[in-house]
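Peer 1: Data: query.txt, compact mmCIF, C-alpha atoms.
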```
# COMPACT_ATOMS: atom_id res chain seq x y z
CA MET A 1 -80.69 -200.16 67.61
CA SER A 2 -78.34 -197.30 66.81
CA THR A 3 -75.44 -196.30 69.03
CA ILE A 4 -75.85 -193.59 71.65
CA ASP A 5 -72.72 -191.48 71.24
CA ALA A 6 -71.47 -187.90 71.00
CA LYS A 7 -72.68 -187.63 67.41
CA TYR A 8 -76.20 -188.54 68.47
CA PHE A 9 -76.06 -186.01 71.30
CA LYS A 10 -75.14 -183.27 68.85
CA GLU A 11 -77.83 -184.27 66.35
CA TYR A 12 -80.40 -184.39 69.13
CA ARG A 13 -79.53 -180.87 70.30
CA GLU A 14 -79.67 -179.61 66.73
CA LYS A 15 -83.17 -181.07 66.36
CA LEU A 16 -84.11 -179.14 69.50
CA GLY A 17 -82.94 -176.07 67.62
CA PHE A 18 -79.57 -175.42 69.24
CA THR A 19 -76.10 -175.34 67.71
CA ASN A 20 -74.17 -175.40 70.99
CA GLN A 21 -74.43 -176.90 74.46
CA GLY A 22 -74.59 -173.50 76.16
CA GLY A 23 -77.80 -172.66 74.35
CA VAL A 24 -79.44 -175.91 75.49
CA LYS A 25 -78.41 -175.35 79.12
CA ALA A 26 -79.73 -171.80 79.05
CA PHE A 27 -83.01 -172.97 77.52
CA PHE A 28 -83.72 -175.72 80.01
CA GLY A 29 -82.60 -173.58 82.94
CA ALA A 30 -84.50 -170.52 81.64
CA LYS A 31 -81.26 -168.59 82.05
CA ASP A 32 -81.97 -166.76 78.80
CA ILE A 33 -85.05 -165.12 80.32
CA SER A 34 -84.42 -161.89 82.19
CA PRO A 35 -87.08 -161.04 84.78
CA THR A 36 -88.94 -157.83 84.17
CA VAL A 37 -87.95 -155.24 86.73
CA ASP A 38 -90.82 -154.52 89.10
CA TYR A 39 -90.72 -150.74 89.39
CA ASN A 40 -93.65 -150.72 91.81
CA TYR A 41 -91.48 -152.83 94.11
CA ILE A 42 -88.59 -150.39 93.62
CA GLN A 43 -90.81 -147.47 94.58
CA LEU A 44 -91.56 -149.27 97.85
CA LEU A 45 -87.82 -149.85 98.34
CA ASN A 46 -87.16 -146.15 97.69
CA SER A 47 -89.76 -145.26 100.28
CA ARG A 48 -88.02 -147.54 102.76
CA LEU A 49 -84.69 -145.83 102.02
CA SER A 50 -86.32 -142.50 102.82
CA GLU A 51 -87.74 -143.91 106.06
CA ILE A 52 -84.30 -145.24 107.07
CA ILE A 53 -82.64 -141.86 106.55
CA LYS A 54 -85.39 -139.97 108.37
CA LYS A 55 -85.16 -142.30 111.38
CA ILE A 56 -81.39 -141.88 111.53
CA ASN A 57 -81.71 -138.13 111.12
CA ASP A 58 -84.10 -138.04 114.08
CA LEU A 59 -81.70 -139.79 116.45
CA VAL A 60 -78.31 -138.18 115.67
CA ILE A 61 -77.22 -135.09 117.61
CA GLU A 62 -78.40 -131.68 116.45
CA GLU A 63 -75.14 -130.64 114.77
CA LEU A 64 -75.27 -133.69 112.47
CA LYS A 65 -78.92 -133.43 111.47
CA LEU A 66 -79.81 -132.43 107.94
CA ASP A 67 -82.29 -129.56 107.95
CA GLU A 68 -83.69 -130.24 104.49
CA ILE A 69 -84.14 -134.00 104.73
CA ASP A 70 -86.74 -134.04 101.95
CA ASP A 71 -84.27 -132.35 99.60
CA PHE A 72 -81.68 -134.95 100.55
CA THR A 73 -83.99 -137.86 99.70
CA LEU A 74 -85.01 -136.17 96.44
CA ASN A 75 -81.40 -135.66 95.31
CA ASN A 76 -79.91 -138.90 96.61
CA ILE A 77 -82.74 -141.38 96.20
CA ASP A 78 -85.32 -140.21 93.68
CA LEU A 79 -82.96 -138.54 91.20
CA VAL A 80 -80.29 -141.25 91.50
CA PHE A 81 -82.97 -143.87 90.83
CA GLN A 82 -84.14 -141.99 87.73
CA LYS A 83 -80.57 -141.74 86.45
CA LEU A 84 -79.95 -145.46 86.92
CA LYS A 85 -83.27 -146.26 85.24
CA ASN A 86 -82.71 -143.90 82.32
CA ASN A 87 -79.25 -145.35 81.70
CA ASN A 88 -80.68 -148.90 81.69
CA ILE A 89 -78.50 -149.99 84.60
CA ILE A 90 -81.16 -151.40 86.94
CA THR A 91 -82.33 -154.02 84.44
CA ARG A 92 -78.77 -155.36 84.17
CA LEU A 93 -77.94 -155.63 87.84
CA ASN A 94 -77.34 -159.17 89.10
CA ASN A 95 -75.30 -160.85 91.78
CA GLN A 96 -75.38 -164.60 92.48
CA GLY A 97 -78.80 -164.80 90.91
CA ARG A 98 -80.44 -162.11 93.02
CA ARG A 99 -83.16 -160.05 91.39
CA PRO A 100 -82.15 -156.62 90.05
CA GLU A 101 -84.41 -154.91 92.59
CA GLU A 102 -82.54 -156.54 95.47
CA VAL A 103 -79.11 -155.62 94.07
CA TYR A 104 -80.34 -152.09 93.47
CA PHE A 105 -81.60 -151.75 97.04
CA SER A 106 -78.37 -153.13 98.49
CA TRP A 107 -76.25 -150.67 96.48
CA MET A 108 -78.55 -147.71 97.11
CA ARG A 109 -78.67 -148.36 100.84
CA GLY A 110 -74.89 -148.17 101.07
CA PHE A 111 -74.74 -145.13 98.80
CA VAL A 112 -77.38 -143.22 100.72
CA ILE A 113 -75.84 -143.96 104.13
CA SER A 114 -72.38 -142.94 102.89
CA THR A 115 -73.74 -139.68 101.47
CA TYR A 116 -75.80 -138.89 104.55
CA PHE A 117 -72.81 -139.16 106.89
CA LEU A 118 -70.54 -136.86 104.86
CA LYS A 119 -71.42 -134.08 107.29
CA ALA A 120 -70.28 -136.22 110.22
CA ILE A 121 -67.09 -137.21 108.41
CA SER A 122 -66.26 -133.57 107.75
CA LYS A 123 -66.54 -132.87 111.49
CA ILE A 124 -64.49 -135.91 112.51
CA PHE A 125 -61.64 -134.92 110.21
CA ASP A 126 -62.13 -131.19 110.78
CA ILE A 127 -62.41 -130.21 107.14
CA ASP A 128 -65.03 -128.51 105.00
CA ILE A 129 -67.47 -131.00 103.46
CA SER A 130 -66.64 -129.60 100.00
CA LYS A 131 -63.05 -130.84 100.48
CA ILE A 132 -64.12 -134.49 100.64
CA LYS A 133 -63.30 -136.00 97.27
CA THR A 134 -65.23 -138.95 95.85
CA ILE A 135 -62.88 -141.44 94.16
CA GLY A 136 -64.87 -144.71 94.07
CA ASP A 137 -65.46 -146.50 90.77
CA ASP A 138 -69.26 -146.63 90.73
CA ASP A 139 -70.51 -144.70 87.72
CA LEU A 140 -74.17 -143.93 87.11
CA GLU A 141 -73.78 -143.47 83.36
CA SER A 142 -73.19 -147.00 82.05
CA ILE A 143 -73.23 -150.60 83.24
CA GLU A 144 -69.64 -151.07 82.02
CA THR A 145 -68.31 -148.58 84.57
CA PHE A 146 -70.91 -149.19 87.26
CA LYS A 147 -68.80 -151.60 89.25
CA ARG A 148 -67.58 -152.44 92.70
CA THR A 149 -63.80 -152.37 93.05
CA PRO A 150 -61.48 -152.38 96.08
CA LYS A 151 -60.82 -148.64 95.70
CA ALA A 152 -61.92 -146.55 98.70
CA ASP A 153 -64.94 -144.26 98.44
CA LEU A 154 -63.44 -140.98 99.62
CA GLU A 155 -60.17 -139.09 99.71
CA ILE A 156 -59.33 -136.32 102.16
CA CYS A 157 -56.41 -133.95 102.51
CA LEU A 158 -55.99 -133.23 106.20
CA LYS A 159 -54.87 -129.89 107.58
CA THR A 160 -51.46 -131.51 108.10
CA LYS A 161 -51.38 -132.01 104.28
CA GLU A 162 -51.51 -135.78 104.73
CA VAL A 163 -53.79 -137.45 102.17
CA ILE A 164 -55.92 -140.35 103.42
CA ARG A 165 -58.60 -142.54 101.92
CA ILE A 166 -61.84 -143.53 103.58
CA GLU A 167 -63.99 -146.57 102.91
CA VAL A 168 -67.50 -146.02 104.26
CA GLN A 169 -69.33 -149.23 105.14
CA SER A 170 -72.76 -149.82 106.59
CA GLY A 171 -74.06 -152.93 108.33
CA PHE A 172 -77.72 -153.68 108.90
CA GLN A 173 -77.79 -157.20 110.37
CA GLY A 174 -75.30 -157.01 113.23
CA ILE A 175 -72.55 -158.67 111.15
CA ASN A 176 -69.57 -156.35 110.79
CA ASP A 177 -66.80 -157.41 108.42
CA ILE A 178 -64.24 -155.94 106.04
CA LYS A 179 -63.60 -157.89 102.85
CA GLN A 180 -60.09 -159.19 102.32
CA HIS A 181 -59.62 -157.47 98.96
CA LYS A 182 -60.30 -154.10 100.59
CA VAL A 183 -57.40 -154.67 102.97
CA GLN A 184 -55.15 -155.83 100.13
CA GLU A 185 -55.95 -152.71 98.10
CA ALA A 186 -55.28 -150.50 101.13
CA LYS A 187 -51.86 -152.10 101.64
CA ARG A 188 -51.06 -151.62 97.96
CA SER A 189 -52.05 -147.94 98.18
CA LYS A 190 -49.89 -147.50 101.27
CA PHE A 191 -46.89 -149.20 99.64
CA GLU A 192 -47.14 -147.46 96.26
CA ASN A 193 -48.45 -144.03 97.24
CA ASN A 194 -47.91 -143.81 101.02
CA ILE A 195 -51.64 -143.19 101.46
CA SER A 196 -53.37 -144.72 104.47
CA THR A 197 -56.90 -146.10 104.23
CA PHE A 198 -59.50 -146.03 106.98
CA VAL A 199 -62.75 -147.94 107.17
CA ILE A 200 -65.57 -146.14 108.92
CA HIS A 201 -68.13 -148.84 109.56
CA PHE A 202 -71.66 -147.81 110.52
CA ASP A 203 -73.34 -150.68 112.37
CA LEU A 204 -76.88 -149.37 112.08
CA PHE A 205 -78.32 -152.54 113.62
CA ASN A 206 -76.67 -151.70 116.95
CA GLY A 207 -76.19 -147.94 116.57
CA GLN A 208 -72.39 -147.90 116.74
CA VAL A 209 -69.52 -146.86 114.49
CA ALA A 210 -66.05 -148.41 114.13
CA PHE A 211 -62.82 -146.85 112.85
CA VAL A 212 -60.22 -149.23 111.41
CA LYS A 213 -56.90 -148.32 109.75
CA ILE A 214 -56.94 -151.25 107.37
CA ASP A 215 -53.52 -150.87 105.74
CA GLU A 216 -52.03 -151.91 109.10
CA ILE A 217 -54.02 -155.13 109.53
CA GLU A 218 -51.58 -158.04 109.75
CA ASP A 219 -52.10 -161.22 107.71
CA ASN A 220 -52.00 -163.30 110.90
CA ASN A 221 -54.52 -161.19 112.81
CA VAL A 222 -56.89 -163.42 114.78
CA ASN A 223 -59.91 -161.53 113.45
CA TRP A 224 -59.54 -163.01 109.95
CA ILE A 225 -62.37 -165.49 109.52
CA THR A 226 -64.21 -167.41 106.82
CA ARG A 227 -67.76 -166.11 106.50
CA GLN A 228 -70.05 -168.86 105.22
CA GLN A 229 -72.89 -166.41 104.62
CA MET A 230 -70.66 -164.72 102.04
CA GLU A 231 -69.89 -167.76 99.92
CA GLY A 232 -66.98 -168.69 102.16
CA GLN A 233 -65.11 -165.42 101.66
CA THR A 234 -62.24 -164.50 103.95
CA VAL A 235 -63.13 -161.35 105.88
CA PHE A 236 -61.76 -159.28 108.74
CA ASN A 237 -64.31 -159.40 111.53
CA ILE A 238 -64.40 -155.99 113.23
CA ASP A 239 -63.69 -156.47 116.92
CA GLN A 240 -65.93 -154.61 119.38
CA ASN A 241 -62.92 -152.55 120.52
CA TYR A 242 -62.94 -150.73 117.18
CA PHE A 243 -66.43 -149.36 117.86
CA ILE A 244 -66.00 -146.08 119.70
CA TRP A 245 -68.88 -143.86 118.52
CA LYS A 246 -72.44 -144.26 119.70
CA LEU A 247 -74.60 -142.89 116.88
CA THR A 248 -76.79 -141.05 119.36
CA GLU A 249 -73.80 -139.11 120.70
CA LYS A 250 -71.19 -136.68 119.41
CA PRO A 251 -68.70 -138.28 116.99
CA PRO A 252 -65.01 -138.45 117.94
CA MET A 253 -62.41 -136.12 116.46
CA LEU A 254 -59.51 -137.55 114.48
CA THR A 255 -57.12 -136.72 117.32
CA GLU A 256 -59.18 -138.93 119.65
CA LEU A 257 -58.77 -142.02 117.50
CA SER A 258 -56.23 -144.59 118.67
CA PHE A 259 -54.15 -144.45 115.47
CA TYR A 260 -53.60 -140.68 115.70
```
Will you turn the file into structure tokens for me?

Peer 2:
Amino acid sequence: MSTIDAKYFKEYREKLGFTNQGGVKAFFGAKDISPTVDYNYIQLLNSRLSEIIKKINDLVIEELKLDEIDDFTLNNIDLVFQKLKNNNIITRLNNQGRRPEEVYFSWMRGFVISTYFLKAISKIFDIDISKIKTIGDDDLESIETFKRTPKADLEICLKTKEVIRIEVQSGFQGINDIKQHKVQEAKRSKFENNISTFVIHFDLFNGQVAFVKIDEIEDNNVNWITRQQMEGQTVFNIDQNYFIWKLTEKPPMLTELSFY
């Protein structure tokens, strides 16, 4: 009987039709098969995004409502979807093995909420909405530049000439955290450019909004926790004291926030 050794292993894999171990693993695990994107499912997800925005638009105060809500959903859901599809980005979305449709919905939900509340942000910071600059790194043109980085979403020049950055977050399950790398990037921006970064966190599960100046969060803050639901990541759990705006009421002005 011949010896079972590394040479045999290699010959065996070659007889299977593979020249390297990675190919064998991918074959047996079906990792080389990409699921076909279910665009009927995505249409249902897009409809749900529209429903979410319309429900929110119904409950915010009159001065924050969007008059042309159908135009908003057309421009920020339907057309964005078409652009992602046409640039072959949706088929290449993945995250810890989740289906592309799920990653797409997660990204779109955050994008749509952030865009919807630009009107509210302009009122909070007392600037024209056209003066809110988008600086995030998500790009709808190619998968190479469609990425999530620690850089904040928005940049604003206040009437005092101070430049600040704003990270808009949305929570939908009642879990309200800020990822550690967001805080680290904010501290770097403050140190290198003297630009402060604020997180505006929309807890849509409970109808409340928090404001956190994240470049001032200390490393030994008691709200740093390990979140098992997020693969054991270290996150800053947003304390209830940071939530000062009820979504059904008028938003606070910058001067009313504790850090100003």

Peer 1: Just the number, please: distance in Å from atom CA of A:Ser50 to atom CA of A:Leu64, one decimal.

Peer 2: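 Rounded to one decimal, the two atoms are 17.1 Å apart.
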
Peer 1: Work out how far apart atom CA of A:Gly171 and atom CA of A:Phe81 are and give it in Å to one decimal.

Peer 2: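 Computing the Euclidean distance for atom CA of A:Gly171 and atom CA of A:Phe81 yields 21.6 Å.
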
Peer 1: Residues near A:Leu59, anyone? I mean within 10 Å using only C-alpha atoms, not counting same-chain ones fewer than 6 positions away, as number ranges by chain.

Peer 2: A: 65, 207, 247-249

Peer 1: To one decimal in Å, tell me the separation between atom CA of A:Phe198 and atom CA of A:Val212.

Peer 2: 5.5 Å

Peer 1: Need to verify the contact set: A:Tyr41, 12 Å, only C-alpha atoms, exclusion of same-chain residues closer than 2 positions in sequence. Can you return it as a PDB file with C-alpha atoms, in the coordinates of the input?

Peer 2:
```pdb
ATOM      1  CA  THR A  36     -88.940-157.830  84.170  1.00  0.00           C
ATOM      2  CA  VAL A  37     -87.950-155.240  86.730  1.00  0.00           C
ATOM      3  CA  ASP A  38     -90.820-154.520  89.100  1.00  0.00           C
ATOM      4  CA  TYR A  39     -90.720-150.740  89.390  1.00  0.00           C
ATOM      5  CA  GLN A  43     -90.810-147.470  94.580  1.00  0.00           C
ATOM      6  CA  LEU A  44     -91.560-149.270  97.850  1.00  0.00           C
ATOM      7  CA  LEU A  45     -87.820-149.850  98.340  1.00  0.00           C
ATOM      8  CA  ASN A  46     -87.160-146.150  97.690  1.00  0.00           C
ATOM      9  CA  SER A  47     -89.760-145.260 100.280  1.00  0.00           C
ATOM     10  CA  ARG A  48     -88.020-147.540 102.760  1.00  0.00           C
ATOM     11  CA  ARG A  99     -83.160-160.050  91.390  1.00  0.00           C
ATOM     12  CA  PRO A 100     -82.150-156.620  90.050  1.00  0.00           C
ATOM     13  CA  GLU A 101     -84.410-154.910  92.590  1.00  0.00           C
ATOM     14  CA  GLU A 102     -82.540-156.540  95.470  1.00  0.00           C
ATOM     15  CA  TYR A 104     -80.340-152.090  93.470  1.00  0.00           C
ATOM     16  CA  PHE A 105     -81.600-151.750  97.040  1.00  0.00           C
TER      17      PHE A 105
END
```

Peer 1: Using all atoms listed in the file, determine which residues lie at most 7 Å from stretch 219-226 of chain A, disregarding the query and same-chain residues fewer than 4 positions distant; provide the list as an MDAnalysis selection string.

Peer 2: chainID A and resid 232:237

Peer 1: Using only C-alpha atoms, find the one residue out of A:Phe211, A:Ile217, A:Val103, A:Ile113 that sits nearest to A:Asn241.

Peer 2: A:Phe211

Peer 1: So, counting all atoms listed in the file, which residue among A:Leu16, A:Leu74, A:Ile121, A:Ile127 is closest to A:Val209?

Peer 2: A:Ile121
